[in-house]
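Colleague: Structure file protein-v8.cif (mmCIF, C-alpha atoms) is given on the next line.
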data_final
loop_
_atom_site.label_atom_id
_atom_site.label_comp_id
_atom_site.auth_asym_id
_atom_site.auth_seq_id
_atom_site.Cartn_x
_atom_site.Cartn_y
_atom_site.Cartn_z
CA MET A 12 6.67 -25.23 22.45
CA THR A 13 3.81 -26.65 24.52
CA ASN A 14 0.46 -26.34 22.88
CA GLY A 15 -1.73 -27.10 25.85
CA PRO A 16 -4.67 -24.84 26.71
CA GLY A 17 -2.62 -22.73 29.12
CA ALA A 18 0.13 -21.93 26.63
CA GLY A 19 -1.89 -22.04 23.41
CA ILE A 20 -4.65 -19.52 24.04
CA PRO A 21 -2.33 -16.59 24.94
CA ALA A 22 -0.30 -17.39 21.84
CA VAL A 23 -3.47 -17.39 19.72
CA SER A 24 -4.46 -14.07 21.27
CA THR A 25 -1.08 -12.60 20.34
CA ALA A 26 -1.45 -13.91 16.79
CA ILE A 27 -4.97 -12.43 16.47
CA LEU A 28 -3.75 -9.03 17.65
CA ALA A 29 -0.93 -9.17 15.09
CA MET A 30 -3.43 -9.88 12.30
CA SER A 31 -5.74 -7.05 13.35
CA ARG A 32 -2.97 -4.45 12.95
CA HIS A 33 -2.97 -4.73 9.16
CA LEU A 34 -5.50 -3.61 6.57
CA GLU A 35 -3.82 -4.64 3.32
CA VAL A 36 -4.72 -8.14 2.10
CA ARG A 37 -1.09 -9.07 1.36
CA ASP A 38 0.03 -7.93 4.82
CA VAL A 39 -2.78 -9.87 6.47
CA LEU A 40 -1.86 -13.04 4.55
CA LYS A 41 1.79 -12.74 5.58
CA THR A 42 0.86 -12.19 9.22
CA ILE A 43 -1.53 -15.15 9.27
CA VAL A 44 1.15 -17.48 7.88
CA ALA A 45 3.91 -16.24 10.18
CA SER A 46 1.58 -16.41 13.19
CA ALA A 47 0.46 -19.96 12.37
CA ARG A 48 4.03 -21.18 11.92
CA GLU A 49 5.15 -19.63 15.21
CA LEU A 50 2.05 -20.74 17.10
CA LEU A 51 2.47 -24.42 16.19
CA ASP A 52 6.28 -24.37 16.00
CA ALA A 53 6.35 -25.66 12.43
CA GLU A 54 9.20 -25.51 9.96
CA TYR A 55 6.99 -24.41 7.06
CA ALA A 56 3.68 -22.62 6.67
CA ALA A 57 1.70 -21.41 3.68
CA LEU A 58 -1.65 -19.88 2.78
CA GLY A 59 -3.21 -20.03 -0.64
CA VAL A 60 -6.11 -17.88 -1.88
CA PRO A 61 -7.81 -19.67 -4.80
CA ASP A 62 -8.67 -18.10 -8.12
CA ASP A 63 -11.51 -19.17 -10.41
CA HIS A 64 -9.32 -21.17 -12.77
CA GLY A 65 -8.02 -24.05 -10.68
CA GLY A 66 -4.97 -22.17 -9.38
CA PHE A 67 -4.13 -19.66 -6.68
CA ALA A 68 -4.57 -15.91 -6.98
CA GLN A 69 -2.18 -15.43 -4.04
CA PHE A 70 0.14 -17.84 -2.28
CA VAL A 71 2.18 -16.78 0.74
CA VAL A 72 4.84 -18.92 2.40
CA ASP A 73 6.90 -18.67 5.58
CA GLY A 74 10.04 -20.70 6.25
CA VAL A 75 11.10 -20.74 2.60
CA SER A 76 13.71 -18.22 1.44
CA ALA A 77 13.11 -15.95 -1.55
CA GLU A 78 15.80 -17.86 -3.47
CA GLN A 79 14.17 -21.22 -2.70
CA TRP A 80 10.74 -19.92 -3.66
CA LYS A 81 12.04 -18.62 -6.96
CA ALA A 82 13.69 -21.97 -7.70
CA ILE A 83 10.45 -23.87 -6.90
CA GLY A 84 8.74 -22.19 -9.84
CA PRO A 85 5.12 -21.32 -10.63
CA LEU A 86 2.32 -21.27 -8.04
CA PRO A 87 0.81 -24.67 -7.28
CA ARG A 88 -2.45 -25.83 -8.78
CA GLN A 89 -5.51 -26.87 -6.77
CA HIS A 90 -5.08 -30.61 -6.81
CA GLY A 91 -4.60 -33.44 -4.35
CA ILE A 92 -4.75 -32.49 -0.70
CA LEU A 93 -4.98 -28.75 -1.43
CA ALA A 94 -8.06 -29.33 -3.58
CA ALA A 95 -9.65 -31.49 -0.87
CA MET A 96 -9.32 -28.70 1.70
CA LEU A 97 -10.64 -26.05 -0.69
CA HIS A 98 -13.52 -28.01 -2.18
CA ASN A 99 -14.67 -30.01 0.84
CA ALA A 100 -13.81 -27.47 3.57
CA THR A 101 -12.34 -30.25 5.69
CA PRO A 102 -9.20 -30.22 7.88
CA GLU A 103 -6.33 -32.51 6.90
CA ARG A 104 -3.91 -33.84 9.53
CA LEU A 105 -1.40 -36.37 8.18
CA ALA A 106 1.52 -38.17 9.78
CA ASP A 107 3.35 -38.15 6.44
CA VAL A 108 1.92 -36.23 3.50
CA ARG A 109 4.13 -38.21 1.09
CA GLU A 110 2.30 -41.44 1.95
CA ASP A 111 -1.16 -40.07 1.24
CA PRO A 112 -2.64 -41.49 -1.99
CA ARG A 113 -3.61 -37.98 -3.10
CA PHE A 114 -0.02 -36.75 -2.88
CA GLY A 115 1.27 -35.92 -6.36
CA GLY A 116 4.85 -34.92 -5.60
CA TRP A 117 6.43 -31.50 -5.76
CA PRO A 118 9.06 -29.65 -7.80
CA ALA A 119 12.73 -30.61 -7.43
CA ALA A 120 13.62 -27.44 -5.48
CA HIS A 121 10.72 -27.90 -3.04
CA PRO A 122 11.79 -28.61 0.56
CA ASP A 123 11.08 -32.10 1.90
CA MET A 124 8.00 -32.28 4.11
CA SER A 125 6.48 -35.05 6.17
CA ASP A 126 3.90 -34.32 8.90
CA PHE A 127 1.19 -32.01 7.63
CA LEU A 128 -1.73 -29.99 9.01
CA GLY A 129 -4.09 -28.04 6.81
CA LEU A 130 -7.34 -26.15 7.40
CA PRO A 131 -9.61 -24.15 5.15
CA VAL A 132 -10.09 -20.46 5.96
CA ALA A 133 -13.80 -19.84 5.48
CA ASP A 134 -16.31 -17.03 5.88
CA GLY A 135 -19.62 -18.84 6.21
CA ASP A 136 -19.94 -21.01 3.11
CA GLU A 137 -17.27 -19.10 1.19
CA ILE A 138 -13.81 -20.65 1.31
CA LEU A 139 -11.31 -17.80 1.32
CA GLY A 140 -8.20 -19.94 1.29
CA ALA A 141 -6.29 -22.89 2.67
CA LEU A 142 -3.81 -22.63 5.56
CA PHE A 143 -1.31 -25.41 6.01
CA LEU A 144 1.80 -26.26 7.99
CA ALA A 145 4.46 -28.93 7.68
CA ASN A 146 7.29 -30.46 9.73
CA LYS A 147 6.46 -29.78 13.35
CA ARG A 148 9.61 -29.04 15.33
CA CYS A 149 9.72 -31.37 18.32
CA PRO A 150 11.80 -34.36 19.60
CA LYS A 151 11.54 -37.32 17.22
CA GLU A 152 12.71 -40.22 19.35
CA ASP A 153 10.93 -42.85 17.25
CA GLY A 154 11.60 -41.06 14.01
CA ARG A 155 8.11 -39.58 13.84
CA CYS A 156 6.55 -36.47 15.29
CA GLY A 157 3.33 -34.98 14.02
CA PHE A 158 0.73 -32.36 14.70
CA THR A 159 -1.75 -33.15 17.49
CA GLU A 160 -5.46 -32.64 18.06
CA ASP A 161 -4.55 -29.62 20.20
CA ASP A 162 -2.58 -28.23 17.28
CA GLU A 163 -5.58 -28.69 15.00
CA ARG A 164 -7.87 -27.00 17.53
CA LEU A 165 -5.55 -24.01 17.93
CA LEU A 166 -5.09 -23.66 14.19
CA GLY A 167 -8.87 -23.83 13.81
CA ILE A 168 -9.25 -20.85 16.17
CA LEU A 169 -6.58 -18.97 14.25
CA ALA A 170 -8.24 -19.81 10.93
CA GLN A 171 -11.58 -18.41 12.13
CA HIS A 172 -9.99 -15.10 13.07
CA ALA A 173 -7.90 -15.17 9.91
CA ALA A 174 -11.15 -15.26 7.93
CA ILE A 175 -12.38 -12.15 9.77
CA ALA A 176 -9.09 -10.31 9.23
CA LEU A 177 -8.98 -11.28 5.57
CA THR A 178 -12.60 -10.23 4.98
CA ASN A 179 -11.96 -6.89 6.70
CA ALA A 180 -8.85 -6.33 4.59
CA ARG A 181 -10.80 -7.05 1.42
CA LEU A 182 -13.51 -4.60 2.46
CA TYR A 183 -10.86 -1.99 3.25
CA GLU A 184 -9.20 -2.42 -0.15
CA ARG A 185 -12.57 -2.20 -1.89
CA SER A 186 -13.36 0.97 0.06
CA ARG A 187 -9.98 2.39 -0.89
CA GLU A 188 -10.58 1.57 -4.56
CA LEU A 189 -13.86 3.48 -4.41
CA THR A 190 -12.10 6.39 -2.69
CA ILE A 191 -9.39 6.41 -5.34
CA ALA A 192 -12.04 6.33 -8.07
CA GLY A 193 -13.75 9.33 -6.48
CA GLU A 194 -10.42 11.11 -6.14
CA ARG A 195 -9.64 10.48 -9.81
CA ALA A 196 -13.02 11.89 -10.78
CA ARG A 197 -12.33 15.00 -8.69
CA LEU A 198 -8.89 15.42 -10.25
CA ALA A 199 -10.30 14.95 -13.74
CA HIS A 200 -12.88 17.66 -13.03
CA GLU A 201 -10.21 20.01 -11.68
CA LEU A 202 -7.97 19.25 -14.65
CA HIS A 203 -10.77 19.98 -17.11
CA ASP A 204 -11.60 23.30 -15.42
CA ALA A 205 -8.01 24.47 -15.05
CA VAL A 206 -6.79 23.51 -18.50
CA ALA A 207 -10.01 24.65 -20.21
CA GLN A 208 -9.58 28.09 -18.68
CA LYS A 209 -5.95 28.27 -19.78
CA LEU A 210 -6.79 27.15 -23.32
CA PHE A 211 -9.68 29.63 -23.56
CA SER A 212 -7.35 32.47 -22.51
CA LEU A 213 -4.74 31.14 -24.92
CA ARG A 214 -7.18 31.25 -27.82
CA LEU A 215 -8.36 34.81 -27.03
CA THR A 216 -4.79 36.05 -26.66
CA ALA A 217 -3.75 34.42 -29.94
CA GLN A 218 -6.73 36.06 -31.68
CA ALA A 219 -5.74 39.45 -30.24
CA ALA A 220 -2.16 39.00 -31.46
CA THR A 221 -3.43 38.13 -34.94
CA ALA A 222 -5.54 41.29 -35.06
CA LEU A 223 -2.63 43.47 -33.92
CA VAL A 224 0.20 42.01 -35.96
CA ASP A 225 -0.20 44.49 -38.88
CA ARG A 226 -1.28 47.73 -37.17
CA ASP A 227 0.59 47.40 -33.84
CA PRO A 228 3.50 44.90 -34.03
CA GLY A 229 4.77 45.90 -30.58
CA ARG A 230 1.52 45.02 -28.83
CA ALA A 231 1.22 41.90 -30.96
CA LYS A 232 4.63 40.82 -29.70
CA ASP A 233 3.50 41.34 -26.09
CA GLU A 234 0.39 39.26 -26.74
CA LEU A 235 2.50 36.46 -28.22
CA HIS A 236 4.69 36.46 -25.11
CA GLN A 237 1.47 36.02 -23.14
CA VAL A 238 0.51 33.12 -25.42
CA ALA A 239 3.81 31.40 -24.60
CA ALA A 240 3.29 31.96 -20.86
CA LEU A 241 -0.26 30.58 -20.94
CA ALA A 242 0.88 27.54 -22.92
CA ALA A 243 3.60 26.88 -20.33
CA GLU A 244 1.05 27.15 -17.49
CA ALA A 245 -1.31 24.73 -19.26
CA ALA A 246 1.58 22.28 -19.69
CA ASP A 247 2.39 22.58 -15.97
CA GLU A 248 -1.23 21.83 -15.07
CA LEU A 249 -1.19 18.75 -17.28
CA ARG A 250 2.10 17.41 -15.94
CA ALA A 251 1.08 17.89 -12.33
CA ALA A 252 -2.29 16.20 -12.97
CA VAL A 253 -0.57 13.22 -14.59
CA VAL A 254 1.57 12.78 -11.47
CA GLU A 255 -1.54 12.76 -9.28
CA LEU A 256 -3.58 10.51 -11.56
CA ARG A 257 -0.86 7.96 -12.21
CA PRO A 258 -1.05 5.02 -9.78
CA ALA A 259 1.76 5.09 -7.25
CA ALA A 260 4.31 2.35 -7.77
CA LEU A 261 4.57 1.55 -4.07
CA ASP A 262 4.30 -2.22 -4.48
CA GLU A 263 7.03 -2.35 -7.11
CA ASP A 264 9.37 0.48 -6.11
CA GLY A 265 8.74 1.21 -2.44
CA LEU A 266 7.98 4.50 -0.72
CA VAL A 267 11.39 6.18 -1.07
CA ALA A 268 11.77 5.52 -4.80
CA THR A 269 8.14 6.48 -5.51
CA LEU A 270 8.43 9.77 -3.62
CA ARG A 271 11.78 10.57 -5.24
CA SER A 272 10.33 9.93 -8.71
CA GLN A 273 7.29 12.14 -8.11
CA VAL A 274 9.41 14.96 -6.67
CA GLN A 275 11.66 14.85 -9.74
CA VAL A 276 8.64 15.16 -12.05
CA LEU A 277 7.21 18.07 -10.05
CA ASP A 278 10.59 19.79 -10.00
CA ARG A 279 10.67 19.70 -13.81
CA ALA A 280 7.01 20.72 -14.15
CA HIS A 281 7.06 23.78 -11.87
CA SER A 282 9.16 26.89 -11.60
CA ALA A 283 9.76 26.21 -7.89
CA HIS A 284 12.82 24.10 -7.00
CA VAL A 285 11.60 20.84 -5.39
CA THR A 286 14.07 18.56 -3.59
CA PHE A 287 13.87 15.19 -1.84
CA THR A 288 16.09 13.55 0.78
CA ALA A 289 15.73 10.23 2.63
CA HIS A 290 17.75 8.88 5.55
CA GLY A 291 17.55 5.43 7.14
CA VAL A 292 13.93 4.77 6.18
CA ARG A 293 12.66 1.28 6.94
CA ALA A 294 9.89 -0.43 5.00
CA LEU A 295 6.47 0.22 6.54
CA PRO A 296 3.17 -1.66 6.24
CA ALA A 297 1.48 -0.94 2.93
CA ALA A 298 -1.34 1.15 4.45
CA GLN A 299 1.16 3.40 6.23
CA GLU A 300 3.32 3.85 3.13
CA GLU A 301 0.28 4.86 1.10
CA ALA A 302 -0.81 7.34 3.79
CA VAL A 303 2.67 8.93 3.82
CA LEU A 304 2.65 9.18 0.02
CA ARG A 305 -0.82 10.76 -0.11
CA VAL A 306 0.01 13.31 2.60
CA ALA A 307 3.23 14.20 0.78
CA GLN A 308 1.26 14.66 -2.46
CA GLU A 309 -1.33 16.89 -0.76
CA ALA A 310 1.34 19.00 0.95
CA LEU A 311 3.25 19.34 -2.34
CA HIS A 312 0.02 20.33 -4.11
CA ASN A 313 -0.53 23.11 -1.57
CA ALA A 314 3.05 24.34 -1.76
CA LEU A 315 3.19 24.40 -5.56
CA ARG A 316 -0.33 25.65 -6.33
CA HIS A 317 -1.16 28.00 -3.47
CA SER A 318 1.93 29.20 -1.60
CA GLY A 319 3.95 30.90 -4.33
CA ALA A 320 7.05 29.11 -2.98
CA GLU A 321 10.41 29.23 -4.72
CA HIS A 322 11.78 26.22 -2.83
CA VAL A 323 10.01 23.12 -1.52
CA GLU A 324 11.90 20.50 0.48
CA VAL A 325 10.59 16.98 1.03
CA ALA A 326 12.42 14.89 3.63
CA LEU A 327 11.69 11.34 4.80
CA GLY A 328 13.60 9.88 7.70
CA ARG A 329 13.53 7.10 10.22
CA ASN A 330 11.74 7.87 13.48
CA GLY A 331 12.26 5.01 15.93
CA GLN A 332 10.56 2.02 14.33
CA GLY A 333 8.49 4.33 12.13
CA ALA A 334 9.07 7.28 9.85
CA LEU A 335 8.87 11.08 9.79
CA LEU A 336 7.80 12.98 6.68
CA ARG A 337 8.45 16.72 6.38
CA VAL A 338 7.33 18.95 3.50
CA ALA A 339 8.53 22.55 3.94
CA ASP A 340 8.23 25.55 1.62
CA ASP A 341 9.30 29.20 1.63
CA GLY A 342 5.94 30.45 0.34
CA ARG A 343 3.51 33.01 1.67
CA GLY A 344 2.32 30.84 4.57
CA PHE A 345 -0.87 31.48 6.52
CA ASP A 346 -2.05 32.38 9.99
CA PRO A 347 -2.69 29.23 12.05
CA ALA A 348 -5.58 31.09 13.71
CA THR A 349 -7.41 30.85 10.39
CA VAL A 350 -6.68 27.16 9.96
CA ARG A 351 -10.30 26.17 10.45
CA ARG A 352 -11.35 28.34 7.55
CA ALA A 353 -8.38 27.38 5.39
CA GLY A 354 -8.19 23.73 6.48
CA ARG A 355 -10.60 22.22 4.01
CA HIS A 356 -9.33 24.36 1.14
CA LEU A 357 -5.74 23.23 1.79
CA GLY A 358 -6.63 19.57 2.35
CA LEU A 359 -5.53 19.72 6.00
CA VAL A 360 -8.57 17.79 7.16
CA SER A 361 -7.91 14.90 4.81
CA MET A 362 -4.20 14.91 5.75
CA HIS A 363 -5.06 14.71 9.45
CA ASP A 364 -7.52 11.90 8.68
CA ARG A 365 -4.93 9.96 6.67
CA ALA A 366 -2.36 10.28 9.43
CA GLY A 367 -4.82 9.29 12.17
CA GLY A 368 -6.07 6.35 10.10
CA VAL A 369 -2.68 4.63 10.36
CA GLY A 370 -1.95 5.58 13.97
CA GLY A 371 0.15 8.59 13.03
CA LYS A 372 0.17 12.29 13.88
CA LEU A 373 0.17 15.37 11.64
CA THR A 374 1.45 18.81 12.62
CA VAL A 375 1.38 21.98 10.51
CA GLU A 376 3.54 25.03 11.23
CA SER A 377 2.99 28.24 9.28
CA GLU A 378 3.22 32.01 9.54
CA PRO A 379 2.35 34.70 7.02
CA GLY A 380 5.44 35.41 4.94
CA LYS A 381 7.43 32.63 6.62
CA GLY A 382 6.34 29.56 4.66
CA THR A 383 4.73 26.32 5.80
CA ALA A 384 6.02 23.01 7.15
CA VAL A 385 3.89 19.87 7.26
CA GLU A 386 5.16 16.98 9.38
CA MET A 387 3.69 13.50 9.61
CA GLU A 388 4.86 10.86 12.09
CA VAL A 389 3.88 7.22 11.59
CA PRO A 390 4.70 4.31 13.91
CA GLY A 391 6.44 1.16 12.74
CA GLY A 392 4.54 -2.00 11.81
#
Kindly return the structure encoded in the file as structure tokens.
Modeller:
Amino acid sequence: MTNGPGAGIPAVSTAILAMSRHLEVRDVLKTIVASARELLDAEYAALGVPDDHGGFAQFVVDGVSAEQWKAIGPLPRQHGILAAMLHNATPERLADVREDPRFGGWPAAHPDMSDFLGLPVADGDEILGALFLANKRCPKEDGRCGFTEDDERLLGILAQHAAIALTNARLYERSRELTIAGERARLAHELHDAVAQKLFSLRLTAQAATALVDRDPGRAKDELHQVAALAAEAADELRAAVVELRPAALDEDGLVATLRSQVQVLDRAHSAHVTFTAHGVRALPAAQEEAVLRVAQEALHNALRHSGAEHVEVALGRNGQGALLRVADDGRGFDPATVRRAGRHLGLVSMHDRAGGVGGKLTVESEPGKGTAVEMEVPGG
């Protein structure tokens, strides 16, 4: 790879565009590292985000396999050359990192590295992390080949844009946390109202049954059947609310497993039969997976709470490089001509917003007495 001005700037532009496609911090970190390694044709690249305790809150590598990384062991500490970059905000370009007096060695499973280039990633005076590369791939006729001033300049440009991308991702995640907090408050309010009403009715019905048990056992029996029905409805409300309030396990389990788990819970909690199928789904960027999950939850909420459906089918399949979600029910449906009036009540506006926010498209098909189908298409990452 030639890193002169003619070849380097287009490559930097490509790397910057790749970074700007992601909103999740972890995805941004991975893209920065992969872009830096490809841009400078290095064997290894890494980016560490420091914590407040002399270690790293996040540490992303490229060029090291998952098995190698596991064998290397715990995250590194901020010492030696890493500490110099983080604390002094100075670039480090070394012909052989092992010969630097600050070098303190590495774990036995760590790959061998020689030439080294590291730069801080900073937003003003705040150091967000340290980006570093090792082992430039180029002819080594004299046994040595290192990173050049051009390499350092190009990595400096990348680091500046990496700081912007990382700051934006942090702001996005903070905004999402606030949105989730607001959503939880809304759900808690709805839960309180719904369950309080059920329990109030339950108490009145139980009191009526008590009053009738001696003078009209038949009516008392009917009232007790109503007590059982109200208790079952209250339990359904609670179970469904728990599903919505519980944090989705996307990071640990992935989209398919998370959706399958939630569908299974809803199938047990409601009288309607709820099923889930998945075919050939590829992993998507975190923001897209969350959008798909939230749209599925909203569509399921509508089908189970408002449509009177007996069957609800959730299907997730591959769609080119992206995915297609479909939630279909056999409920009462609605007239699309009234969608503007019904849209906010059914959460259609928020579903359209979620789909559009990740470059996707939402379509809703419905007809009175013919059920409803919600489809969401999302592109690949």
Colleague: Between CA of Gly368 (chain A) and CA of Glu386 (chain A), what is the distance, to one decimal in Å?
Modeller: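 Value for the CA of Gly368 (chain A)-CA of Glu386 (chain A) distance: 15.5 Å.
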Colleague: I need the residue nearest Phe70 (chain A) from this list: A:Ala82, A:Val44, A:Leu213, A:Ala302. Use only C-alpha atoms for the distance.
Modeller: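 Closest to Phe70 (chain A), using only C-alpha atoms: A:Val44.
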Colleague: Quick check on the file I pasted: which residues fall under the PyMOL selection byres ((chain A and resi 142) around 8)? Write them as a list of chain:residue names.
Modeller: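 That selection, the PyMOL selection byres ((chain A and resi 142) around 8), comes back as A:Val44, A:Ala56, A:Ala57, A:Leu58, A:Gly59, A:Gly129, A:Leu130, A:Pro131, A:Val132, A:Gly140, A:Ala141, A:Phe143, A:Leu144, A:Ala170.
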Colleague: To test your reading of the syntax: which residues would the PyMOL selection byres ((chain A and resi 124) around 6) return for the file shown? Reply as a list in words.
Modeller: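 Selection result, ordered by chain and number: Asp123, Ser125 and Asn146 of chain A.
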Colleague: Please measure the separation of CA of Asp111 (chain A) and CA of Asp126 (chain A), giving the value in Å to one decimal.
Modeller: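 The value is 10.8 Å.
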Colleague: Quick one: pull the distance between CA of Leu51 (chain A) and CA of Met30 (chain A), Å, one decimal.
Modeller: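 It comes out at 16.2 Å.
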Colleague: For the file shown, report as a list in words the outcome of the PyMOL selection byres ((chain A and resi 91) around 8) at residue level.
Modeller: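 When the PyMOL selection byres ((chain A and resi 91) around 8) is applied to the shown file, the picked residues are Gln89, His90, Ile92, Leu93, Ala94, Ala95, Arg113, Phe114 and Gly115 of chain A.
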Colleague: Which polymer residues, whether protein, DNA or RNA, lie within 12 Å of the coordinate (10.0, -2.6, 5.2) when you count only C-alpha atoms? List them as a list of chain:residue names, using the chain letters and numbers from the file.
Modeller: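 Using only C-alpha atoms, the matching residues come out as A:Asp38, A:Leu261, A:Asp262, A:Asp264, A:Gly265, A:Leu266, A:Val267, A:Gly291, A:Val292, A:Arg293, A:Ala294, A:Leu295, A:Pro296, A:Ala297, A:Ala298, A:Gln299, A:Glu300, A:Arg329, A:Gln332, A:Gly333, A:Ala334, A:Gly391, A:Gly392.
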Colleague: Taking all atoms listed in the file into account, name the residue in A:Lys147, A:His64, A:Arg197, A:Arg214 that is nearest to Arg104 (chain A).
Modeller: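 The shortest atom-to-atom distance to Arg104 (chain A) comes from A:Lys147.
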Colleague: Hey, can you pull every residue with an atom no more than 12 Å from (1.8, 37.7, -26.6), using all atoms listed in the file, and send it as a PDB file with C-alpha atoms, keeping the file's coordinate frame?
Modeller:
ATOM      1  CA  SER A 212      -7.350  32.470 -22.510  1.00  0.00           C
ATOM      2  CA  LEU A 213      -4.740  31.140 -24.920  1.00  0.00           C
ATOM      3  CA  ARG A 214      -7.180  31.250 -27.820  1.00  0.00           C
ATOM      4  CA  LEU A 215      -8.360  34.810 -27.030  1.00  0.00           C
ATOM      5  CA  THR A 216      -4.790  36.050 -26.660  1.00  0.00           C
ATOM      6  CA  ALA A 217      -3.750  34.420 -29.940  1.00  0.00           C
ATOM      7  CA  GLN A 218      -6.730  36.060 -31.680  1.00  0.00           C
ATOM      8  CA  ALA A 219      -5.740  39.450 -30.240  1.00  0.00           C
ATOM      9  CA  ALA A 220      -2.160  39.000 -31.460  1.00  0.00           C
ATOM     10  CA  THR A 221      -3.430  38.130 -34.940  1.00  0.00           C
ATOM     11  CA  ALA A 222      -5.540  41.290 -35.060  1.00  0.00           C
ATOM     12  CA  LEU A 223      -2.630  43.470 -33.920  1.00  0.00           C
ATOM     13  CA  VAL A 224       0.200  42.010 -35.960  1.00  0.00           C
ATOM     14  CA  PRO A 228       3.500  44.900 -34.030  1.00  0.00           C
ATOM     15  CA  GLY A 229       4.770  45.900 -30.580  1.00  0.00           C
ATOM     16  CA  ARG A 230       1.520  45.020 -28.830  1.00  0.00           C
ATOM     17  CA  ALA A 231       1.220  41.900 -30.960  1.00  0.00           C
ATOM     18  CA  LYS A 232       4.630  40.820 -29.700  1.00  0.00           C
ATOM     19  CA  ASP A 233       3.500  41.340 -26.090  1.00  0.00           C
ATOM     20  CA  GLU A 234       0.390  39.260 -26.740  1.00  0.00           C
ATOM     21  CA  LEU A 235       2.500  36.460 -28.220  1.00  0.00           C
ATOM     22  CA  HIS A 236       4.690  36.460 -25.110  1.00  0.00           C
ATOM     23  CA  GLN A 237       1.470  36.020 -23.140  1.00  0.00           C
ATOM     24  CA  VAL A 238       0.510  33.120 -25.420  1.00  0.00           C
ATOM     25  CA  ALA A 239       3.810  31.400 -24.600  1.00  0.00           C
ATOM     26  CA  ALA A 240       3.290  31.960 -20.860  1.00  0.00           C
ATOM     27  CA  LEU A 241      -0.260  30.580 -20.940  1.00  0.00           C
ATOM     28  CA  ALA A 242       0.880  27.540 -22.920  1.00  0.00           C
TER      29      ALA A 242
END
Colleague: Can you tell me which residues surround Glu160 (chain A) at a distance of at most 12 Å, considering all atoms listed in the file, apart from same-chain residues fewer than 2 positions away, and format the answer as a PyMOL selection string?
Modeller: chain A and resi 14-16+51+102-105+128+157-158+162-167
Colleague: For Val303 (chain A), work out the shell of residues within 8 Å, counting only C-alpha atoms and skipping chain neighbours fewer than 6 positions away, then give it as a list of chain:residue names.
Modeller: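 With the cut-off at 8 Å, the set is A:Leu336, A:Ala366, A:Met387.
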Colleague: Region 135-140 of chain A, all listed atoms, 6 Å padding on each side: what axis-aligned box centre and edge lengths in Å to one decimal come out, as AutoDock Vina command-line options?
Modeller:
--center_x -14.1 --center_y -19.4 --center_z 3.7 --size_x 23.7 --size_y 15.2 --size_z 17.0
Colleague: Neighbours of Val60 (chain A) within 6 Å (only C-alpha atoms; same-chain residues fewer than 5 positions away dropped), as a compact mmCIF listing (two decimals) with C-alpha atoms, in the coordinates of the input?
Modeller:
# COMPACT_ATOMS: atom_id res chain seq x y z
CA PHE A 67 -4.13 -19.66 -6.68
CA ALA A 68 -4.57 -15.91 -6.98
CA GLN A 69 -2.18 -15.43 -4.04
CA GLY A 140 -8.20 -19.94 1.29
Colleague: Can you pull out every residue within 9 Å of Arg37 (chain A), counting all atoms listed in the file, but drop anything in the same chain fewer than 2 positions away, and send it as a PDB file with C-alpha atoms, keeping the file's coordinate frame?
Modeller:
ATOM      1  CA  LEU A  34      -5.500  -3.610   6.570  1.00  0.00           C
ATOM      2  CA  GLU A  35      -3.820  -4.640   3.320  1.00  0.00           C
ATOM      3  CA  VAL A  39      -2.780  -9.870   6.470  1.00  0.00           C
ATOM      4  CA  LEU A  40      -1.860 -13.040   4.550  1.00  0.00           C
ATOM      5  CA  LYS A  41       1.790 -12.740   5.580  1.00  0.00           C
ATOM      6  CA  THR A  42       0.860 -12.190   9.220  1.00  0.00           C
ATOM      7  CA  GLN A  69      -2.180 -15.430  -4.040  1.00  0.00           C
ATOM      8  CA  VAL A  71       2.180 -16.780   0.740  1.00  0.00           C
ATOM      9  CA  ALA A 180      -8.850  -6.330   4.590  1.00  0.00           C
ATOM     10  CA  ALA A 297       1.480  -0.940   2.930  1.00  0.00           C
TER      11      ALA A 297
END
Colleague: Would you please take region 235-240 of chain A of the structure in the block above and write N, CA, C and O atoms to a file as a CSV table (one decimal), in the first residue's frame?
Modeller:
chain,number,residue,atom,x,y,z
A,235,LEU,N,-67.3,-15.7,41.8
A,235,LEU,CA,-66.0,-16.3,42.0
A,235,LEU,C,-65.3,-16.6,40.7
A,235,LEU,O,-64.1,-16.5,40.6
A,236,HIS,N,-66.1,-17.1,39.7
A,236,HIS,CA,-65.5,-17.3,38.4
A,236,HIS,C,-65.0,-16.0,37.8
A,236,HIS,O,-63.9,-16.0,37.2
A,237,GLN,N,-65.7,-14.9,38.1
A,237,GLN,CA,-65.2,-13.6,37.6
A,237,GLN,C,-64.0,-13.2,38.4
A,237,GLN,O,-63.1,-12.6,37.8
A,238,VAL,N,-63.9,-13.5,39.6
A,238,VAL,CA,-62.7,-13.3,40.4
A,238,VAL,C,-61.5,-14.0,39.8
A,238,VAL,O,-60.4,-13.4,39.6
A,239,ALA,N,-61.7,-15.2,39.4
A,239,ALA,CA,-60.6,-16.0,38.8
A,239,ALA,C,-60.2,-15.4,37.5
A,239,ALA,O,-59.0,-15.3,37.1
A,240,ALA,N,-61.1,-14.9,36.7
A,240,ALA,CA,-60.8,-14.3,35.4
A,240,ALA,C,-60.1,-13.0,35.5
A,240,ALA,O,-59.1,-12.8,34.8
